[in-house]
$ cat target.txt   # compact mmCIF, N, CA and C atoms
# COMPACT_ATOMS: atom_id res chain seq x y z
N MET A 1 -107.22 -13.93 -278.26
CA MET A 1 -106.14 -13.00 -278.12
C MET A 1 -106.20 -12.38 -276.73
N THR A 2 -105.09 -12.37 -276.04
CA THR A 2 -105.06 -11.79 -274.70
C THR A 2 -104.32 -10.46 -274.74
N THR A 3 -104.75 -9.56 -273.88
CA THR A 3 -104.08 -8.25 -273.78
C THR A 3 -103.33 -8.18 -272.46
N PRO A 4 -102.17 -7.58 -272.46
CA PRO A 4 -101.42 -7.48 -271.21
C PRO A 4 -102.15 -6.58 -270.21
N SER A 5 -101.99 -6.89 -268.95
CA SER A 5 -102.64 -6.11 -267.90
C SER A 5 -101.98 -4.73 -267.80
N ARG A 6 -102.78 -3.72 -267.62
CA ARG A 6 -102.26 -2.36 -267.46
C ARG A 6 -102.21 -1.95 -265.99
N LEU A 7 -102.51 -2.85 -265.09
CA LEU A 7 -102.46 -2.54 -263.67
C LEU A 7 -101.02 -2.55 -263.19
N PRO A 8 -100.68 -1.66 -262.24
CA PRO A 8 -99.32 -1.66 -261.72
C PRO A 8 -99.05 -2.93 -260.93
N GLU A 9 -97.77 -3.28 -260.84
CA GLU A 9 -97.40 -4.46 -260.07
C GLU A 9 -97.59 -4.19 -258.59
N PRO A 10 -97.92 -5.23 -257.82
CA PRO A 10 -98.09 -5.04 -256.39
C PRO A 10 -96.81 -4.54 -255.74
N TYR A 11 -96.96 -3.89 -254.56
CA TYR A 11 -95.85 -3.33 -253.81
C TYR A 11 -94.81 -4.41 -253.51
N GLY A 12 -93.55 -4.08 -253.76
CA GLY A 12 -92.46 -5.00 -253.42
C GLY A 12 -92.06 -5.93 -254.54
N GLN A 13 -92.79 -5.96 -255.65
CA GLN A 13 -92.45 -6.84 -256.76
C GLN A 13 -91.84 -6.01 -257.89
N GLY A 14 -91.08 -6.64 -258.69
CA GLY A 14 -90.50 -5.95 -259.84
C GLY A 14 -89.17 -5.33 -259.48
N GLY A 15 -88.43 -4.90 -260.48
CA GLY A 15 -87.09 -4.37 -260.27
C GLY A 15 -87.05 -2.90 -259.94
N GLY A 16 -88.02 -2.12 -260.38
CA GLY A 16 -87.97 -0.68 -260.17
C GLY A 16 -88.56 -0.26 -258.83
N SER A 17 -88.25 0.97 -258.45
CA SER A 17 -88.80 1.53 -257.21
C SER A 17 -90.06 2.30 -257.55
N ASN A 18 -91.07 2.12 -256.75
CA ASN A 18 -92.27 2.91 -256.94
C ASN A 18 -92.29 4.05 -255.94
N LEU A 19 -93.28 4.89 -256.00
CA LEU A 19 -93.36 6.08 -255.16
C LEU A 19 -93.37 5.71 -253.67
N ALA A 20 -94.06 4.66 -253.30
CA ALA A 20 -94.12 4.25 -251.90
C ALA A 20 -92.74 3.86 -251.38
N ASP A 21 -91.95 3.14 -252.20
CA ASP A 21 -90.58 2.77 -251.81
C ASP A 21 -89.71 4.00 -251.59
N ILE A 22 -89.79 4.92 -252.53
CA ILE A 22 -88.98 6.13 -252.46
C ILE A 22 -89.37 6.95 -251.24
N LEU A 23 -90.67 7.13 -251.01
CA LEU A 23 -91.15 7.89 -249.86
C LEU A 23 -90.71 7.25 -248.55
N GLU A 24 -90.79 5.94 -248.48
CA GLU A 24 -90.37 5.23 -247.27
C GLU A 24 -88.88 5.46 -247.00
N ARG A 25 -88.07 5.39 -248.04
CA ARG A 25 -86.63 5.61 -247.87
C ARG A 25 -86.32 7.04 -247.45
N VAL A 26 -86.98 7.99 -248.08
CA VAL A 26 -86.75 9.40 -247.74
C VAL A 26 -87.13 9.69 -246.30
N LEU A 27 -88.31 9.22 -245.88
CA LEU A 27 -88.75 9.48 -244.51
C LEU A 27 -87.89 8.75 -243.50
N ASP A 28 -87.38 7.58 -243.86
CA ASP A 28 -86.54 6.81 -242.94
C ASP A 28 -85.16 7.45 -242.79
N LYS A 29 -84.56 7.86 -243.88
CA LYS A 29 -83.20 8.41 -243.84
C LYS A 29 -83.20 9.92 -243.69
N GLY A 30 -84.12 10.60 -244.34
CA GLY A 30 -84.16 12.06 -244.30
C GLY A 30 -83.43 12.66 -245.49
N VAL A 31 -83.88 13.84 -245.89
CA VAL A 31 -83.27 14.58 -246.99
C VAL A 31 -83.14 16.03 -246.54
N VAL A 32 -82.00 16.62 -246.78
CA VAL A 32 -81.78 18.03 -246.47
C VAL A 32 -81.56 18.77 -247.77
N ILE A 33 -82.30 19.85 -247.94
CA ILE A 33 -82.14 20.72 -249.10
C ILE A 33 -81.78 22.10 -248.56
N ALA A 34 -80.67 22.63 -249.01
CA ALA A 34 -80.21 23.93 -248.52
C ALA A 34 -79.86 24.82 -249.70
N GLY A 35 -80.14 26.10 -249.55
CA GLY A 35 -79.79 27.03 -250.61
C GLY A 35 -79.85 28.46 -250.13
N ASP A 36 -79.09 29.32 -250.78
CA ASP A 36 -79.07 30.75 -250.46
C ASP A 36 -79.41 31.53 -251.71
N ILE A 37 -80.17 32.59 -251.53
CA ILE A 37 -80.48 33.51 -252.62
C ILE A 37 -79.95 34.87 -252.21
N ARG A 38 -79.11 35.45 -253.04
CA ARG A 38 -78.56 36.77 -252.74
C ARG A 38 -78.84 37.70 -253.92
N ILE A 39 -79.28 38.89 -253.59
CA ILE A 39 -79.52 39.90 -254.61
C ILE A 39 -78.57 41.06 -254.34
N ASN A 40 -77.67 41.31 -255.30
CA ASN A 40 -76.69 42.38 -255.19
C ASN A 40 -76.91 43.40 -256.29
N LEU A 41 -76.61 44.63 -255.98
CA LEU A 41 -76.64 45.70 -256.97
C LEU A 41 -75.36 46.51 -256.81
N LEU A 42 -74.50 46.45 -257.81
CA LEU A 42 -73.21 47.14 -257.78
C LEU A 42 -72.40 46.76 -256.53
N ASP A 43 -72.29 45.48 -256.28
CA ASP A 43 -71.54 44.94 -255.14
C ASP A 43 -72.12 45.35 -253.78
N ILE A 44 -73.37 45.76 -253.76
CA ILE A 44 -74.05 46.07 -252.48
C ILE A 44 -75.13 45.01 -252.30
N GLU A 45 -75.03 44.31 -251.19
CA GLU A 45 -76.00 43.24 -250.93
C GLU A 45 -77.33 43.86 -250.49
N LEU A 46 -78.36 43.62 -251.28
CA LEU A 46 -79.68 44.17 -250.99
C LEU A 46 -80.56 43.19 -250.20
N LEU A 47 -80.42 41.91 -250.52
CA LEU A 47 -81.30 40.92 -249.90
C LEU A 47 -80.61 39.57 -249.87
N THR A 48 -80.73 38.88 -248.75
CA THR A 48 -80.24 37.51 -248.63
C THR A 48 -81.35 36.67 -248.04
N VAL A 49 -81.66 35.58 -248.70
CA VAL A 49 -82.66 34.63 -248.22
C VAL A 49 -81.97 33.28 -248.08
N LYS A 50 -82.03 32.72 -246.87
CA LYS A 50 -81.43 31.40 -246.64
C LYS A 50 -82.56 30.40 -246.49
N LEU A 51 -82.54 29.39 -247.32
CA LEU A 51 -83.58 28.36 -247.30
C LEU A 51 -82.99 27.05 -246.81
N ARG A 52 -83.65 26.44 -245.86
CA ARG A 52 -83.25 25.13 -245.36
C ARG A 52 -84.52 24.29 -245.25
N LEU A 53 -84.50 23.11 -245.84
CA LEU A 53 -85.65 22.23 -245.83
C LEU A 53 -85.19 20.83 -245.43
N ILE A 54 -85.84 20.27 -244.44
CA ILE A 54 -85.55 18.90 -244.02
C ILE A 54 -86.83 18.09 -244.19
N VAL A 55 -86.73 17.00 -244.92
CA VAL A 55 -87.87 16.11 -245.13
C VAL A 55 -87.51 14.78 -244.49
N CYS A 56 -88.25 14.42 -243.45
CA CYS A 56 -88.02 13.14 -242.77
C CYS A 56 -89.24 12.81 -241.93
N SER A 57 -89.25 11.64 -241.34
CA SER A 57 -90.35 11.25 -240.47
C SER A 57 -90.21 11.96 -239.13
N VAL A 58 -91.29 12.01 -238.37
CA VAL A 58 -91.27 12.63 -237.05
C VAL A 58 -90.29 11.90 -236.14
N ASP A 59 -90.27 10.58 -236.21
CA ASP A 59 -89.35 9.81 -235.38
C ASP A 59 -87.90 10.14 -235.70
N LYS A 60 -87.58 10.25 -236.99
CA LYS A 60 -86.22 10.58 -237.41
C LYS A 60 -85.86 11.99 -236.96
N ALA A 61 -86.80 12.92 -237.06
CA ALA A 61 -86.54 14.30 -236.63
C ALA A 61 -86.25 14.35 -235.13
N LYS A 62 -87.04 13.63 -234.34
CA LYS A 62 -86.80 13.59 -232.89
C LYS A 62 -85.45 12.96 -232.59
N GLU A 63 -85.08 11.94 -233.36
CA GLU A 63 -83.78 11.29 -233.20
C GLU A 63 -82.65 12.28 -233.45
N MET A 64 -82.85 13.22 -234.39
CA MET A 64 -81.85 14.23 -234.71
C MET A 64 -81.91 15.42 -233.75
N GLY A 65 -82.89 15.43 -232.83
CA GLY A 65 -83.01 16.53 -231.88
C GLY A 65 -83.88 17.67 -232.35
N ILE A 66 -84.70 17.43 -233.37
CA ILE A 66 -85.59 18.45 -233.90
C ILE A 66 -87.00 18.15 -233.40
N ASP A 67 -87.54 19.04 -232.56
CA ASP A 67 -88.89 18.83 -232.04
C ASP A 67 -89.61 20.15 -231.76
N TRP A 68 -89.34 21.16 -232.58
CA TRP A 68 -89.88 22.49 -232.34
C TRP A 68 -91.41 22.52 -232.39
N TRP A 69 -92.03 21.63 -233.10
CA TRP A 69 -93.49 21.64 -233.23
C TRP A 69 -94.17 21.29 -231.91
N GLU A 70 -93.45 20.63 -230.98
CA GLU A 70 -94.04 20.27 -229.70
C GLU A 70 -94.23 21.48 -228.80
N SER A 71 -93.46 22.55 -229.01
CA SER A 71 -93.58 23.75 -228.18
C SER A 71 -94.25 24.91 -228.91
N ASP A 72 -94.72 24.68 -230.12
CA ASP A 72 -95.40 25.72 -230.91
C ASP A 72 -96.90 25.66 -230.62
N PRO A 73 -97.47 26.71 -230.01
CA PRO A 73 -98.90 26.70 -229.67
C PRO A 73 -99.82 26.53 -230.88
N ALA A 74 -99.36 26.91 -232.05
CA ALA A 74 -100.19 26.77 -233.25
C ALA A 74 -100.27 25.32 -233.70
N LEU A 75 -99.32 24.48 -233.26
CA LEU A 75 -99.26 23.10 -233.73
C LEU A 75 -99.51 22.06 -232.64
N SER A 76 -99.44 22.46 -231.37
CA SER A 76 -99.54 21.50 -230.27
C SER A 76 -100.57 21.97 -229.26
N SER A 77 -101.55 21.13 -228.96
CA SER A 77 -102.57 21.50 -227.97
C SER A 77 -101.95 21.57 -226.58
N SER A 78 -100.94 20.76 -226.30
CA SER A 78 -100.26 20.81 -225.01
C SER A 78 -99.54 22.15 -224.84
N ALA A 79 -98.85 22.59 -225.87
CA ALA A 79 -98.16 23.88 -225.81
C ALA A 79 -99.16 25.01 -225.69
N ARG A 80 -100.31 24.88 -226.34
CA ARG A 80 -101.36 25.91 -226.25
C ARG A 80 -101.88 26.02 -224.83
N ARG A 81 -102.11 24.86 -224.18
CA ARG A 81 -102.57 24.87 -222.79
C ARG A 81 -101.52 25.49 -221.87
N ASP A 82 -100.26 25.16 -222.09
CA ASP A 82 -99.18 25.72 -221.28
C ASP A 82 -99.11 27.24 -221.44
N GLU A 83 -99.26 27.71 -222.67
CA GLU A 83 -99.21 29.15 -222.92
C GLU A 83 -100.39 29.85 -222.25
N LEU A 84 -101.58 29.26 -222.33
CA LEU A 84 -102.76 29.85 -221.69
C LEU A 84 -102.61 29.87 -220.17
N ALA A 85 -102.06 28.81 -219.60
CA ALA A 85 -101.85 28.76 -218.15
C ALA A 85 -100.85 29.83 -217.72
N ARG A 86 -99.78 30.00 -218.49
CA ARG A 86 -98.78 31.04 -218.18
C ARG A 86 -99.41 32.43 -218.28
N GLU A 87 -100.18 32.67 -219.33
CA GLU A 87 -100.83 33.97 -219.51
C GLU A 87 -101.83 34.23 -218.39
N ASN A 88 -102.57 33.21 -217.99
CA ASN A 88 -103.53 33.34 -216.90
C ASN A 88 -102.83 33.71 -215.60
N ALA A 89 -101.70 33.05 -215.31
CA ALA A 89 -100.94 33.35 -214.09
C ALA A 89 -100.42 34.79 -214.11
N GLU A 90 -99.92 35.24 -215.26
CA GLU A 90 -99.44 36.62 -215.38
C GLU A 90 -100.57 37.61 -215.13
N LEU A 91 -101.74 37.36 -215.70
CA LEU A 91 -102.87 38.27 -215.51
C LEU A 91 -103.33 38.30 -214.06
N ARG A 92 -103.35 37.15 -213.39
CA ARG A 92 -103.73 37.12 -211.98
C ARG A 92 -102.73 37.90 -211.12
N GLU A 93 -101.45 37.79 -211.47
CA GLU A 93 -100.41 38.52 -210.74
C GLU A 93 -100.58 40.03 -210.94
N ARG A 94 -100.83 40.45 -212.17
CA ARG A 94 -101.05 41.88 -212.45
C ARG A 94 -102.27 42.40 -211.73
N LEU A 95 -103.34 41.61 -211.71
CA LEU A 95 -104.56 42.02 -211.03
C LEU A 95 -104.32 42.17 -209.53
N ALA A 96 -103.58 41.25 -208.94
CA ALA A 96 -103.28 41.33 -207.51
C ALA A 96 -102.47 42.59 -207.20
N ARG A 97 -101.48 42.93 -208.06
CA ARG A 97 -100.69 44.14 -207.85
C ARG A 97 -101.55 45.39 -207.96
N LEU A 98 -102.48 45.42 -208.93
CA LEU A 98 -103.37 46.58 -209.09
C LEU A 98 -104.31 46.72 -207.89
N GLU A 99 -104.78 45.62 -207.38
CA GLU A 99 -105.67 45.68 -206.22
C GLU A 99 -104.93 46.16 -204.98
N GLU A 100 -103.65 45.86 -204.87
CA GLU A 100 -102.86 46.36 -203.74
C GLU A 100 -102.64 47.86 -203.84
N LEU A 101 -102.47 48.38 -205.05
CA LEU A 101 -102.21 49.81 -205.23
C LEU A 101 -103.43 50.67 -204.97
N GLU A 102 -104.60 50.21 -205.32
CA GLU A 102 -105.81 51.00 -205.20
C GLU A 102 -106.69 50.42 -204.10
N PRO A 103 -107.03 51.22 -203.09
CA PRO A 103 -107.90 50.69 -202.03
C PRO A 103 -109.28 50.34 -202.60
N ALA A 104 -109.92 49.43 -201.91
CA ALA A 104 -111.23 48.98 -202.38
C ALA A 104 -112.20 50.14 -202.40
N ARG A 105 -112.91 50.26 -203.48
CA ARG A 105 -113.89 51.34 -203.60
C ARG A 105 -115.21 50.88 -202.97
N VAL A 106 -115.80 51.78 -202.23
CA VAL A 106 -117.07 51.47 -201.57
C VAL A 106 -118.19 52.09 -202.41
N PRO A 107 -119.19 51.30 -202.80
CA PRO A 107 -120.31 51.85 -203.59
C PRO A 107 -121.04 52.93 -202.81
N LYS A 108 -121.69 53.89 -203.51
CA LYS A 108 -122.40 55.00 -202.89
C LYS A 108 -123.47 54.56 -201.92
N GLU A 109 -124.14 53.45 -202.21
CA GLU A 109 -125.24 52.99 -201.36
C GLU A 109 -124.75 52.61 -199.97
N GLU A 110 -123.52 52.18 -199.82
CA GLU A 110 -123.01 51.72 -198.54
C GLU A 110 -122.41 52.86 -197.72
N ARG A 111 -122.24 54.06 -198.26
CA ARG A 111 -121.65 55.18 -197.52
C ARG A 111 -122.58 55.78 -196.56
$ encode --input "target.txt" --output "structure tokens"
Amino acid sequence: MTTPSRLPEPYGQGGGSNLADILERVLDKGVVIAGDIRINLLDIELLTVKLRLIVCSVDKAKEMGIDWWESDPALSSSARRDELARENAELRERLARLEELEPARVPKEER
């Protein structure tokens, strides 16, 4: 007596879609989920929350013009370096201005 195999069919076989197929399609095409939540009390709007969610691959997002993560210092080491370089330049400029305002102090031993 033989028992049927309980293993799933290999990728690409069979009539149904498996999770990998669905994920590939979603990342390739993209999915947008949008919604608003409003809380009113006696026709007075107390709170509005707007939710927007885009699920797609990085390549698809760049194709659509979405690349905010490239300039976010928390997500990009390049953006972090740029921010540190900008901050360093600002501090050097402030230090130079302060040094111009106050004459150099001479230590007591040299007086």
$ closest_residue --input "target.txt" --among "A:Ile54, A:Ala61, A:Ala20, A:Leu91" --to "Ala34 of chain A" --atoms "only N, CA and C atoms"
A:Ile54
$ residues_near_point --input "target.txt" --point "(-81.0, 24.2, -246.0)" --cutoff "5 Å" --atoms "all atoms listed in the file" --output "PyMOL selection string"
chain A and resi 33-35+51-53
$ atom_distance --input "target.txt" --atom1 "atom CA of Gly65 of chain A" --atom2 "atom CA of Lys29 of chain A"
14.5 Å
$ closest_residue --input "target.txt" --among "A:Ala79, A:Ile37, A:Val31, A:Leu42" --to "Cys56 of chain A" --atoms "all atoms listed in the file"
A:Val31
$ atom_distance --input "target.txt" --atom1 "atom CA of Glu63 of chain A" --atom2 "atom CA of Leu27 of chain A"
12.5 Å
$ atom_distance --input "target.txt" --atom1 "atom CA of Trp68 of chain A" --atom2 "atom CA of Glu90 of chain A"
24.1 Å
$ decode --input "target.txt" --residues "segment 35-66 of chain A" --atoms "N, CA and C atoms" --output "PDB file, in the first residue's frame"
ATOM      1  N   GLY A  35      -5.763  54.564   3.258  1.00  0.00           N
ATOM      2  CA  GLY A  35      -6.940  54.663   4.110  1.00  0.00           C
ATOM      3  C   GLY A  35      -6.861  55.870   5.015  1.00  0.00           C
ATOM      4  N   ASP A  36      -8.006  56.359   5.429  1.00  0.00           N
ATOM      5  CA  ASP A  36      -8.095  57.490   6.349  1.00  0.00           C
ATOM      6  C   ASP A  36      -8.908  57.081   7.558  1.00  0.00           C
ATOM      7  N   ILE A  37      -8.477  57.547   8.713  1.00  0.00           N
ATOM      8  CA  ILE A  37      -9.226  57.333   9.949  1.00  0.00           C
ATOM      9  C   ILE A  37      -9.572  58.711  10.493  1.00  0.00           C
ATOM     10  N   ARG A  38     -10.853  58.940  10.716  1.00  0.00           N
ATOM     11  CA  ARG A  38     -11.290  60.229  11.255  1.00  0.00           C
ATOM     12  C   ARG A  38     -12.119  59.984  12.506  1.00  0.00           C
ATOM     13  N   ILE A  39     -11.838  60.770  13.520  1.00  0.00           N
ATOM     14  CA  ILE A  39     -12.596  60.689  14.763  1.00  0.00           C
ATOM     15  C   ILE A  39     -13.294  62.027  14.955  1.00  0.00           C
ATOM     16  N   ASN A  40     -14.630  61.995  14.952  1.00  0.00           N
ATOM     17  CA  ASN A  40     -15.446  63.194  15.119  1.00  0.00           C
ATOM     18  C   ASN A  40     -16.277  63.076  16.378  1.00  0.00           C
ATOM     19  N   LEU A  41     -16.517  64.202  16.997  1.00  0.00           N
ATOM     20  CA  LEU A  41     -17.409  64.272  18.144  1.00  0.00           C
ATOM     21  C   LEU A  41     -18.348  65.457  17.925  1.00  0.00           C
ATOM     22  N   LEU A  42     -19.616  65.177  17.731  1.00  0.00           N
ATOM     23  CA  LEU A  42     -20.622  66.216  17.473  1.00  0.00           C
ATOM     24  C   LEU A  42     -20.215  67.093  16.285  1.00  0.00           C
ATOM     25  N   ASP A  43     -19.857  66.465  15.196  1.00  0.00           N
ATOM     26  CA  ASP A  43     -19.448  67.147  13.959  1.00  0.00           C
ATOM     27  C   ASP A  43     -18.191  68.001  14.117  1.00  0.00           C
ATOM     28  N   ILE A  44     -17.399  67.733  15.142  1.00  0.00           N
ATOM     29  CA  ILE A  44     -16.105  68.421  15.314  1.00  0.00           C
ATOM     30  C   ILE A  44     -15.021  67.377  15.105  1.00  0.00           C
ATOM     31  N   GLU A  45     -14.168  67.644  14.144  1.00  0.00           N
ATOM     32  CA  GLU A  45     -13.104  66.687  13.846  1.00  0.00           C
ATOM     33  C   GLU A  45     -12.022  66.782  14.918  1.00  0.00           C
ATOM     34  N   LEU A  46     -11.818  65.676  15.620  1.00  0.00           N
ATOM     35  CA  LEU A  46     -10.828  65.636  16.692  1.00  0.00           C
ATOM     36  C   LEU A  46      -9.477  65.104  16.211  1.00  0.00           C
ATOM     37  N   LEU A  47      -9.526  64.131  15.311  1.00  0.00           N
ATOM     38  CA  LEU A  47      -8.291  63.482  14.880  1.00  0.00           C
ATOM     39  C   LEU A  47      -8.463  62.927  13.480  1.00  0.00           C
ATOM     40  N   THR A  48      -7.449  63.122  12.655  1.00  0.00           N
ATOM     41  CA  THR A  48      -7.419  62.518  11.325  1.00  0.00           C
ATOM     42  C   THR A  48      -6.071  61.844  11.148  1.00  0.00           C
ATOM     43  N   VAL A  49      -6.098  60.592  10.766  1.00  0.00           N
ATOM     44  CA  VAL A  49      -4.878  59.835  10.488  1.00  0.00           C
ATOM     45  C   VAL A  49      -4.971  59.342   9.056  1.00  0.00           C
ATOM     46  N   LYS A  50      -3.973  59.700   8.250  1.00  0.00           N
ATOM     47  CA  LYS A  50      -3.945  59.245   6.856  1.00  0.00           C
ATOM     48  C   LYS A  50      -2.856  58.194   6.732  1.00  0.00           C
ATOM     49  N   LEU A  51      -3.245  57.030   6.276  1.00  0.00           N
ATOM     50  CA  LEU A  51      -2.315  55.920   6.128  1.00  0.00           C
ATOM     51  C   LEU A  51      -2.094  55.630   4.654  1.00  0.00           C
ATOM     52  N   ARG A  52      -0.855  55.525   4.253  1.00  0.00           N
ATOM     53  CA  ARG A  52      -0.505  55.156   2.890  1.00  0.00           C
ATOM     54  C   ARG A  52       0.614  54.123   2.980  1.00  0.00           C
ATOM     55  N   LEU A  53       0.426  53.000   2.314  1.00  0.00           N
ATOM     56  CA  LEU A  53       1.405  51.923   2.340  1.00  0.00           C
ATOM     57  C   LEU A  53       1.659  51.459   0.913  1.00  0.00           C
ATOM     58  N   ILE A  54       2.915  51.421   0.533  1.00  0.00           N
ATOM     59  CA  ILE A  54       3.295  50.921  -0.789  1.00  0.00           C
ATOM     60  C   ILE A  54       4.210  49.728  -0.568  1.00  0.00           C
ATOM     61  N   VAL A  55       3.857  48.607  -1.159  1.00  0.00           N
ATOM     62  CA  VAL A  55       4.674  47.399  -1.074  1.00  0.00           C
ATOM     63  C   VAL A  55       5.151  47.086  -2.485  1.00  0.00           C
ATOM     64  N   CYS A  56       6.461  47.172  -2.686  1.00  0.00           N
ATOM     65  CA  CYS A  56       7.041  46.857  -3.988  1.00  0.00           C
ATOM     66  C   CYS A  56       8.538  46.631  -3.810  1.00  0.00           C
ATOM     67  N   SER A  57       9.195  46.225  -4.874  1.00  0.00           N
ATOM     68  CA  SER A  57      10.637  46.023  -4.817  1.00  0.00           C
ATOM     69  C   SER A  57      11.339  47.382  -4.856  1.00  0.00           C
ATOM     70  N   VAL A  58      12.595  47.413  -4.456  1.00  0.00           N
ATOM     71  CA  VAL A  58      13.380  48.645  -4.482  1.00  0.00           C
ATOM     72  C   VAL A  58      13.497  49.154  -5.908  1.00  0.00           C
ATOM     73  N   ASP A  59      13.714  48.262  -6.854  1.00  0.00           N
ATOM     74  CA  ASP A  59      13.830  48.679  -8.255  1.00  0.00           C
ATOM     75  C   ASP A  59      12.543  49.331  -8.745  1.00  0.00           C
ATOM     76  N   LYS A  60      11.400  48.749  -8.399  1.00  0.00           N
ATOM     77  CA  LYS A  60      10.111  49.301  -8.811  1.00  0.00           C
ATOM     78  C   LYS A  60       9.890  50.657  -8.143  1.00  0.00           C
ATOM     79  N   ALA A  61      10.265  50.785  -6.876  1.00  0.00           N
ATOM     80  CA  ALA A  61      10.107  52.059  -6.174  1.00  0.00           C
ATOM     81  C   ALA A  61      10.948  53.148  -6.841  1.00  0.00           C
ATOM     82  N   LYS A  62      12.196  52.826  -7.178  1.00  0.00           N
ATOM     83  CA  LYS A  62      13.054  53.799  -7.860  1.00  0.00           C
ATOM     84  C   LYS A  62      12.473  54.171  -9.218  1.00  0.00           C
ATOM     85  N   GLU A  63      11.893  53.192  -9.903  1.00  0.00           N
ATOM     86  CA  GLU A  63      11.257  53.438 -11.197  1.00  0.00           C
ATOM     87  C   GLU A  63      10.100  54.424 -11.053  1.00  0.00           C
ATOM     88  N   MET A  64       9.387  54.368  -9.911  1.00  0.00           N
ATOM     89  CA  MET A  64       8.271  55.267  -9.652  1.00  0.00           C
ATOM     90  C   MET A  64       8.734  56.610  -9.085  1.00  0.00           C
ATOM     91  N   GLY A  65      10.050  56.755  -8.831  1.00  0.00           N
ATOM     92  CA  GLY A  65      10.571  58.009  -8.294  1.00  0.00           C
ATOM     93  C   GLY A  65      10.599  58.074  -6.780  1.00  0.00           C
ATOM     94  N   ILE A  66      10.489  56.927  -6.123  1.00  0.00           N
ATOM     95  CA  ILE A  66      10.517  56.876  -4.663  1.00  0.00           C
ATOM     96  C   ILE A  66      11.887  56.372  -4.237  1.00  0.00           C
TER      97      ILE A  66
END
